[in-house]
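A.B. asks: So here's run.pdb (PDB, C-alpha atoms).
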ATOM      1  CA  MET A  24       1.439 -17.897 -42.734
ATOM      2  CA  ALA A  25      -1.669 -17.680 -44.908
ATOM      3  CA  HIS A  26      -4.380 -20.233 -44.284
ATOM      4  CA  ASP A  27      -7.997 -20.823 -45.123
ATOM      5  CA  SER A  28     -10.492 -19.032 -42.900
ATOM      6  CA  ASN A  29     -14.284 -19.068 -42.655
ATOM      7  CA  PHE A  30     -14.366 -15.854 -44.641
ATOM      8  CA  GLY A  31     -13.331 -17.293 -47.998
ATOM      9  CA  THR A  32     -11.426 -15.102 -50.420
ATOM     10  CA  THR A  33     -13.817 -12.707 -52.125
ATOM     11  CA  PRO A  34     -16.035  -9.827 -50.889
ATOM     12  CA  ALA A  35     -19.061 -12.019 -51.734
ATOM     13  CA  ASP A  36     -17.724 -14.798 -49.479
ATOM     14  CA  ARG A  37     -17.189 -12.292 -46.692
ATOM     15  CA  GLU A  38     -20.676 -10.852 -47.120
ATOM     16  CA  LYS A  39     -22.183 -14.308 -46.724
ATOM     17  CA  ALA A  40     -20.089 -14.994 -43.624
ATOM     18  CA  PHE A  41     -20.954 -11.626 -42.050
ATOM     19  CA  ILE A  42     -24.688 -12.141 -42.659
ATOM     20  CA  THR A  43     -24.474 -15.521 -40.912
ATOM     21  CA  LEU A  44     -22.570 -13.997 -37.979
ATOM     22  CA  TYR A  45     -24.987 -11.060 -37.743
ATOM     23  CA  LYS A  46     -27.983 -13.372 -37.607
ATOM     24  CA  SER A  47     -26.477 -15.741 -35.089
ATOM     25  CA  ALA A  48     -24.608 -13.363 -32.760
ATOM     26  CA  PHE A  49     -26.038  -9.855 -32.996
ATOM     27  CA  PRO A  50     -29.290 -10.646 -31.098
ATOM     28  CA  THR A  51     -27.304 -11.753 -28.017
ATOM     29  CA  VAL A  52     -24.978  -8.749 -28.195
ATOM     30  CA  ALA A  53     -27.890  -6.327 -28.699
ATOM     31  CA  LYS A  54     -29.685  -7.890 -25.722
ATOM     32  CA  TYR A  55     -26.595  -7.419 -23.560
ATOM     33  CA  VAL A  56     -26.081  -3.773 -24.621
ATOM     34  CA  SER A  57     -29.774  -3.046 -24.084
ATOM     35  CA  LYS A  58     -29.604  -4.611 -20.596
ATOM     36  CA  MET A  59     -26.638  -2.379 -19.820
ATOM     37  CA  GLY A  60     -28.646   0.711 -20.822
ATOM     38  CA  GLY A  61     -27.065   1.170 -24.237
ATOM     39  CA  THR A  62     -28.782   2.251 -27.432
ATOM     40  CA  PHE A  63     -29.281   0.442 -30.719
ATOM     41  CA  ASP A  64     -26.527   2.545 -32.326
ATOM     42  CA  GLU A  65     -24.117   1.665 -29.531
ATOM     43  CA  ALA A  66     -24.937  -2.029 -29.937
ATOM     44  CA  LYS A  67     -24.365  -1.736 -33.670
ATOM     45  CA  ASP A  68     -21.023   0.071 -33.291
ATOM     46  CA  ILE A  69     -19.763  -2.387 -30.699
ATOM     47  CA  PHE A  70     -20.839  -5.406 -32.717
ATOM     48  CA  GLN A  71     -19.223  -4.083 -35.894
ATOM     49  CA  ASP A  72     -15.952  -3.482 -34.050
ATOM     50  CA  ALA A  73     -16.205  -6.987 -32.588
ATOM     51  CA  LEU A  74     -16.630  -8.391 -36.105
ATOM     52  CA  VAL A  75     -13.476  -6.575 -37.242
ATOM     53  CA  ILE A  76     -11.517  -8.006 -34.311
ATOM     54  CA  TYR A  77     -12.965 -11.465 -34.944
ATOM     55  CA  TYR A  78     -12.035 -11.234 -38.635
ATOM     56  CA  GLU A  79      -8.473 -10.130 -37.917
ATOM     57  CA  LYS A  80      -8.019 -12.898 -35.345
ATOM     58  CA  THR A  81      -9.340 -15.660 -37.544
ATOM     59  CA  VAL A  82      -7.473 -14.716 -40.726
ATOM     60  CA  THR A  83      -4.100 -14.260 -39.080
ATOM     61  CA  SER A  84      -3.991 -17.121 -36.619
ATOM     62  CA  THR A  85      -5.007 -20.710 -36.338
ATOM     63  CA  ILE A  86      -6.928 -20.274 -33.081
ATOM     64  CA  GLU A  87      -9.844 -22.618 -32.794
ATOM     65  CA  ILE A  88     -13.080 -20.900 -31.858
ATOM     66  CA  HIS A  89     -15.703 -23.316 -30.574
ATOM     67  CA  SER A  90     -18.607 -20.889 -30.520
ATOM     68  CA  ASN A  91     -18.587 -17.816 -32.759
ATOM     69  CA  GLU A  92     -21.537 -16.391 -30.823
ATOM     70  CA  GLN A  93     -19.843 -16.695 -27.442
ATOM     71  CA  TYR A  94     -16.596 -15.340 -28.826
ATOM     72  CA  LEU A  95     -18.306 -12.292 -30.356
ATOM     73  CA  LEU A  96     -20.291 -11.723 -27.170
ATOM     74  CA  GLY A  97     -17.060 -11.873 -25.157
ATOM     75  CA  ILE A  98     -15.353  -9.280 -27.383
ATOM     76  CA  SER A  99     -18.469  -7.076 -27.299
ATOM     77  CA  LYS A 100     -18.617  -7.185 -23.491
ATOM     78  CA  HIS A 101     -14.967  -6.184 -23.381
ATOM     79  CA  LEU A 102     -15.571  -3.315 -25.828
ATOM     80  CA  TRP A 103     -18.587  -2.167 -23.832
ATOM     81  CA  ALA A 104     -16.543  -2.123 -20.603
ATOM     82  CA  LYS A 105     -13.790  -0.214 -22.400
ATOM     83  CA  LYS A 106     -16.274   2.332 -23.703
ATOM     84  CA  PHE A 107     -17.767   2.715 -20.224
ATOM     85  CA  ARG A 108     -14.321   3.313 -18.691
ATOM     86  CA  GLU A 109     -13.484   5.817 -21.418
ATOM     87  CA  ASN A 110     -16.657   7.742 -20.620
ATOM     88  CA  LEU A 111     -15.614   7.824 -16.977
ATOM     89  CA  LYS A 112     -12.247   9.170 -18.070
ATOM     90  CA  GLN A 113     -13.940  12.314 -19.254
ATOM     91  CA  THR A 114     -14.572  13.255 -15.612
ATOM     92  CA  PRO A 115     -11.728  15.239 -14.029
ATOM     93  CA  LEU A 116     -10.383  12.249 -12.122
ATOM     94  CA  ASP A 117      -6.792  11.207 -12.327
ATOM     95  CA  ASP A 118      -7.690   7.964 -14.023
ATOM     96  CA  SER A 119      -4.338   6.748 -15.192
ATOM     97  CA  GLU A 120      -4.466   3.103 -14.208
ATOM     98  CA  ILE A 121      -4.999   1.857 -17.738
ATOM     99  CA  ASP A 122      -3.552   3.136 -20.943
ATOM    100  CA  PHE A 123      -6.228   2.901 -23.610
ATOM    101  CA  ALA A 124      -3.971   4.012 -26.426
ATOM    102  CA  ASN A 125      -4.433   1.816 -29.427
ATOM    103  CA  GLU A 126      -1.163   0.934 -31.058
ATOM    104  CA  ASP A 127      -2.860   1.234 -34.423
ATOM    105  CA  ASP A 128      -3.951   4.800 -33.833
ATOM    106  CA  LEU A 129      -2.124   7.038 -36.209
ATOM    107  CA  GLN A 130      -1.650  10.769 -36.239
ATOM    108  CA  PRO A 131      -4.539  12.795 -37.748
ATOM    109  CA  SER A 132      -2.574  13.516 -40.920
ATOM    110  CA  ALA A 133      -2.460   9.775 -41.601
ATOM    111  CA  GLY A 134      -6.018  10.299 -42.860
ATOM    112  CA  LYS A 135      -4.721  12.504 -45.675
ATOM    113  CA  LEU A 136      -2.097   9.929 -46.513
ATOM    114  CA  MET A 137      -4.642   7.116 -46.497
ATOM    115  CA  HIS A 138      -6.883   9.091 -48.811
ATOM    116  CA  TYR A 139      -3.975   9.723 -51.166
ATOM    117  CA  LEU A 140      -2.968   6.059 -51.227
ATOM    118  CA  GLU A 141      -6.544   4.851 -51.632
ATOM    119  CA  THR A 142      -6.954   6.977 -54.743
ATOM    120  CA  ALA A 143      -3.505   7.225 -56.352
ATOM    121  CA  GLY A 144      -2.381   3.750 -55.390
ATOM    122  CA  GLN A 145      -5.659   1.866 -55.306
ATOM    123  CA  LYS A 146      -4.469  -1.295 -57.063
ATOM    124  CA  CYS A 147      -1.405  -1.538 -54.841
ATOM    125  CA  MET A 148      -3.459  -1.055 -51.696
ATOM    126  CA  GLU A 149      -5.785  -3.862 -52.814
ATOM    127  CA  ILE A 150      -2.862  -6.206 -53.415
ATOM    128  CA  LEU A 151      -1.274  -5.328 -50.075
ATOM    129  CA  LYS A 152      -4.624  -5.804 -48.317
ATOM    130  CA  ALA A 153      -4.956  -9.276 -49.847
ATOM    131  CA  PHE A 154      -1.450 -10.268 -48.760
ATOM    132  CA  TYR A 155      -1.059  -8.632 -45.381
ATOM    133  CA  TYR A 156      -4.559  -8.013 -44.000
ATOM    134  CA  ASP A 157      -6.717 -10.758 -45.493
ATOM    135  CA  ASN A 158      -3.718 -13.072 -45.332
ATOM    136  CA  LEU A 159      -4.873 -14.900 -48.451
ATOM    137  CA  PRO A 160      -2.766 -17.714 -49.904
ATOM    138  CA  VAL A 161      -0.460 -16.482 -52.673
ATOM    139  CA  ASN A 162      -2.007 -18.818 -55.277
ATOM    140  CA  LYS A 163      -5.435 -17.252 -54.609
ATOM    141  CA  ILE A 164      -3.976 -13.755 -54.945
ATOM    142  CA  THR A 165      -2.271 -14.738 -58.214
ATOM    143  CA  GLU A 166      -5.630 -15.901 -59.533
ATOM    144  CA  MET A 167      -7.650 -12.942 -58.199
ATOM    145  CA  PHE A 168      -5.369 -10.283 -59.665
ATOM    146  CA  GLY A 169      -4.611 -12.167 -62.885
ATOM    147  CA  TYR A 170      -0.853 -12.587 -62.499
ATOM    148  CA  SER A 171       0.985 -15.088 -64.648
ATOM    149  CA  GLY A 172       2.367 -16.920 -61.632
ATOM    150  CA  ILE A 173       3.127 -16.892 -57.931
ATOM    151  CA  ARG A 174       6.502 -15.267 -58.517
ATOM    152  CA  SER A 175       4.975 -12.300 -60.392
ATOM    153  CA  ALA A 176       2.432 -11.801 -57.622
ATOM    154  CA  THR A 177       5.145 -11.905 -54.961
ATOM    155  CA  VAL A 178       7.352  -9.437 -56.840
ATOM    156  CA  GLN A 179       4.342  -7.134 -57.225
ATOM    157  CA  LYS A 180       3.699  -7.314 -53.491
ATOM    158  CA  TYR A 181       7.200  -6.041 -52.733
ATOM    159  CA  LYS A 182       7.017  -3.406 -55.493
ATOM    160  CA  CYS A 183       3.790  -2.126 -53.959
ATOM    161  CA  MET A 184       5.265  -2.119 -50.470
ATOM    162  CA  GLU A 185       8.210  -0.124 -51.828
ATOM    163  CA  LYS A 186       5.848   2.336 -53.497
ATOM    164  CA  VAL A 187       3.762   2.825 -50.362
ATOM    165  CA  ARG A 188       6.851   3.142 -48.163
ATOM    166  CA  GLU A 189       8.413   5.750 -50.441
ATOM    167  CA  THR A 190       5.135   7.673 -50.702
ATOM    168  CA  ILE A 191       4.857   7.788 -46.921
ATOM    169  CA  LYS A 192       8.448   8.970 -46.652
ATOM    170  CA  GLN A 193       7.881  11.786 -49.169
ATOM    171  CA  LYS A 194       4.473  12.808 -47.875
ATOM    172  CA  SER A 195       5.650  12.841 -44.290
ATOM    173  CA  LEU A 196       7.647  15.946 -45.150
ATOM    174  CA  ALA A 197       4.377  17.629 -46.073
ATOM    175  CA  TYR A 198       2.414  16.113 -43.179
ATOM    176  CA  GLU A 199       4.955  16.661 -40.442
ATOM    177  CA  ASP A 200       2.903  15.334 -37.556
ATOM    178  CA  PHE A 201       2.786  11.902 -39.184
ATOM    179  CA  VAL A 202       6.472  11.283 -38.462
ATOM    180  CA  GLU A 203       6.239  12.132 -34.773
TER     181      GLU A 203
ATOM    182  CA  MET B 223      14.176  -9.838 -57.802
ATOM    183  CA  ARG B 224      16.096  -6.563 -57.663
ATOM    184  CA  THR B 225      18.163  -5.655 -54.588
ATOM    185  CA  SER B 226      15.760  -3.086 -53.173
ATOM    186  CA  LEU B 227      12.893  -5.607 -53.322
ATOM    187  CA  ASN B 228      15.020  -8.223 -51.595
ATOM    188  CA  GLU B 229      15.697  -5.667 -48.900
ATOM    189  CA  ILE B 230      11.943  -5.111 -48.483
ATOM    190  CA  LYS B 231      11.458  -8.865 -48.202
ATOM    191  CA  LEU B 232      14.161  -9.086 -45.528
ATOM    192  CA  ILE B 233      12.672  -6.142 -43.602
ATOM    193  CA  ASP B 234       9.257  -7.839 -43.728
ATOM    194  CA  GLY B 235      10.853 -10.980 -42.345
ATOM    195  CA  TYR B 236      12.430  -8.918 -39.574
ATOM    196  CA  ILE B 237       9.169  -7.108 -38.721
ATOM    197  CA  PHE B 238       7.109 -10.311 -38.668
ATOM    198  CA  ASN B 239       9.921 -12.414 -37.233
ATOM    199  CA  SER B 240       9.636 -14.831 -40.138
ATOM    200  CA  ASN B 241      13.149 -14.712 -41.615
ATOM    201  CA  ARG B 242      14.926 -18.049 -41.869
ATOM    202  CA  THR B 243      18.062 -18.274 -39.709
ATOM    203  CA  GLU B 244      20.456 -17.416 -42.557
ATOM    204  CA  ASP B 245      18.321 -14.427 -43.603
ATOM    205  CA  ALA B 246      18.074 -13.236 -40.001
ATOM    206  CA  LEU B 247      21.882 -13.365 -39.719
ATOM    207  CA  LEU B 248      22.260 -11.529 -43.020
ATOM    208  CA  PHE B 249      19.819  -8.885 -41.863
ATOM    209  CA  ASP B 250      21.666  -8.379 -38.558
ATOM    210  CA  ALA B 251      24.869  -7.842 -40.557
ATOM    211  CA  LEU B 252      23.139  -5.380 -42.897
ATOM    212  CA  LEU B 253      21.823  -3.425 -39.924
ATOM    213  CA  ILE B 254      25.430  -2.821 -38.866
ATOM    214  CA  LEU B 255      26.760  -2.153 -42.359
ATOM    215  CA  ASN B 256      23.961   0.018 -43.717
ATOM    216  CA  PRO B 257      23.240   3.044 -41.520
ATOM    217  CA  GLU B 258      20.068   3.831 -43.511
ATOM    218  CA  LEU B 259      18.497   0.454 -42.859
ATOM    219  CA  PRO B 260      16.979   1.250 -39.415
ATOM    220  CA  ASP B 261      15.173   4.186 -41.040
ATOM    221  CA  GLN B 262      13.873   1.942 -43.817
ATOM    222  CA  VAL B 263      12.587  -0.461 -41.157
ATOM    223  CA  MET B 264      10.759   2.423 -39.481
ATOM    224  CA  TRP B 265       9.155   3.550 -42.768
ATOM    225  CA  GLN B 266       8.159   0.026 -43.635
ATOM    226  CA  LYS B 267       6.484  -0.373 -40.237
ATOM    227  CA  LYS B 268       4.556   2.838 -40.935
ATOM    228  CA  ALA B 269       3.606   1.484 -44.369
ATOM    229  CA  HIS B 270       2.228  -1.647 -42.720
ATOM    230  CA  ALA B 271       0.263   0.485 -40.246
ATOM    231  CA  ILE B 272      -1.278   2.466 -43.121
ATOM    232  CA  VAL B 273      -2.106  -0.706 -45.070
ATOM    233  CA  ARG B 274      -3.793  -2.104 -41.945
ATOM    234  CA  GLN B 275      -5.790   1.092 -41.382
ATOM    235  CA  CYS B 276      -6.940   1.295 -45.016
ATOM    236  CA  SER B 277      -7.844  -2.395 -45.057
ATOM    237  CA  ARG B 278      -9.749  -2.086 -41.792
ATOM    238  CA  LYS B 279     -11.678   0.857 -43.203
ATOM    239  CA  LYS B 280     -12.662  -1.222 -46.229
ATOM    240  CA  LEU B 281     -13.713  -4.140 -44.065
ATOM    241  CA  LYS B 282     -15.824  -1.832 -41.879
ATOM    242  CA  ALA B 283     -17.561  -0.549 -45.021
ATOM    243  CA  GLU B 284     -18.359  -4.145 -46.038
ATOM    244  CA  ILE B 285     -19.791  -4.835 -42.562
ATOM    245  CA  GLU B 286     -21.858  -1.638 -42.647
ATOM    246  CA  ALA B 287     -23.276  -2.705 -46.031
ATOM    247  CA  VAL B 288     -24.331  -6.018 -44.479
ATOM    248  CA  GLN B 289     -25.977  -4.153 -41.583
ATOM    249  CA  GLN B 290     -27.911  -1.961 -44.060
ATOM    250  CA  GLN B 291     -28.986  -4.989 -46.018
ATOM    251  CA  LEU B 292     -30.316  -6.710 -42.877
ATOM    252  CA  PHE B 293     -32.143  -3.637 -41.632
ATOM    253  CA  GLU B 294     -33.495  -2.288 -44.901
ATOM    254  CA  ASN B 295     -34.296  -5.345 -46.990
ATOM    255  CA  PRO B 296     -37.863  -6.598 -46.323
ATOM    256  CA  ALA B 297     -36.574 -10.169 -46.576
ATOM    257  CA  HIS B 298     -34.976  -9.708 -43.150
ATOM    258  CA  GLN B 299     -37.942  -7.938 -41.548
ATOM    259  CA  SER B 300     -38.386 -10.407 -38.675
ATOM    260  CA  PHE B 301     -34.708 -10.164 -37.743
ATOM    261  CA  LYS B 302     -34.936  -6.376 -37.736
ATOM    262  CA  GLN B 303     -38.072  -6.428 -35.535
ATOM    263  CA  ARG B 304     -36.454  -8.867 -33.131
ATOM    264  CA  ILE B 305     -33.483  -6.537 -32.614
ATOM    265  CA  LEU B 306     -35.448  -3.280 -32.465
ATOM    266  CA  SER B 307     -37.856  -4.714 -29.891
ATOM    267  CA  LEU B 308     -34.904  -5.041 -27.496
ATOM    268  CA  PHE B 309     -34.561  -1.269 -27.464
ATOM    269  CA  SER B 310     -38.206  -0.254 -27.661
ATOM    270  CA  LYS B 311     -38.726  -0.120 -23.868
ATOM    271  CA  GLN B 312     -35.935   2.411 -23.294
TER     272      GLN B 312
END
Take the structure in the file and give it back as structure tokens.

C.D. replies:
Amino acid sequence: MAHDSNFGTTPADREKAFITLYKSAFPTVAKYVSKMGGTFDEAKDIFQDALVIYYEKTVTSTIEIHSNEQYLLGISKHLWAKKFRENLKQTPLDDSEIDFANEDDLQPSAGKLMHYLETAGQKCMEILKAFYYDNLPVNKITEMFGYSGIRSATVQKYKCMEKVRETIKQKSLAYEDFVE
Amino acid sequence: MRTSLNEIKLIDGYIFNSNRTEDALLFDALLILNPELPDQVMWQKKAHAIVRQCSRKKLKAEIEAVQQQLFENPAHQSFKQRILSLFSKQ
């Protein structure tokens, strides 16, 4: 169910929210990564991934976060530990106790498909992002994309999903490893 | 809404477990009656995965732009110095 989040509805709203989060939480995360022997680039990468996780959590659920800084630090510590374990995995040990596979990881050819959809189906991908990823309320989406009403926006969402689904089906014949 | 779009709506409801009871029952019946439906569910799940990946990529680009702004714009100089000083002793 869509609901209001701290990130607003537009890229400008998100930019403002990310600047605030950067200023309030990045110093603590950078301090932690530095203490653990990490570099500035590692701190940056970990913090940016933490922001993505934070965004996805807050736009899709109603969880109440009391301290954004502590929450982002917690995610960053987890990501740092994960990165550290992954580095250890590169040694020839039989380190099979934890499966690090990310369910969102797609086959390499998904990159080609993404590129195709981002260019040939840009408008559809933007609409689907607004509905499914940003989880924006349908009335906001109607307004943002200039539809005549909620019903038109909803129909367009399903038309776009159909288009993307059919494209994936067709392209998967060309990019065989995607269907594995 | 045409039939194929209603089917997409029902599949979405199935994937996100948000179908109302009567729609969930209808969908269960369709799964038995329409042998192509499980495949459509699979493709729709893949479509959602691609939408998520593309959206995540866009969000990461927005975050990177914010990072650049904070580390390249003189207005945020003190913030930049504060962060870089943490790594200067390495």

A.B. asks: For chain B, which residues have at least one atom within 8 Å of chain A, if we go by only C-alpha atoms? Write them as JSON, numbers by chain, please.

C.D. replies: {"B": [223, 227, 230, 231, 265, 266, 268, 269, 271, 272, 273, 274, 275, 276, 277, 278, 281, 282, 284, 285, 286, 288, 289, 292, 301, 304, 305, 306, 308, 309, 312]}

A.B. asks: Up to 12 Å from (20.2, -5.4, -34.5) in the file's coordinates: name the residues, counting only C-alpha atoms, as a list in words.

C.D. replies: Ile233, Tyr236, Ile237, Ala246, Leu247, Leu248, Phe249, Asp250, Ala251, Leu252, Leu253, Ile254, Leu255, Asn256, Pro257, Leu259, Pro260 and Val263 of chain B

A.B. asks: Tell me, in Å to one decimal, how far atom CA of A:Ala48 is from atom CA of A:Glu92.

C.D. replies: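 Distance between the two atoms: 4.7 Å.
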
A.B. asks: Please compute the atom CA of A:Lys106-atom CA of A:Ile69 distance, one decimal, in Å.

C.D. replies: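 Separation between atom CA of A:Lys106 and atom CA of A:Ile69: 9.1 Å.
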
A.B. asks: Distance atom CA of A:Asp64-atom CA of B:Ser310, one decimal place?

C.D. replies: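 Result for atom CA of A:Asp64 versus atom CA of B:Ser310: 12.9 Å, one decimal.
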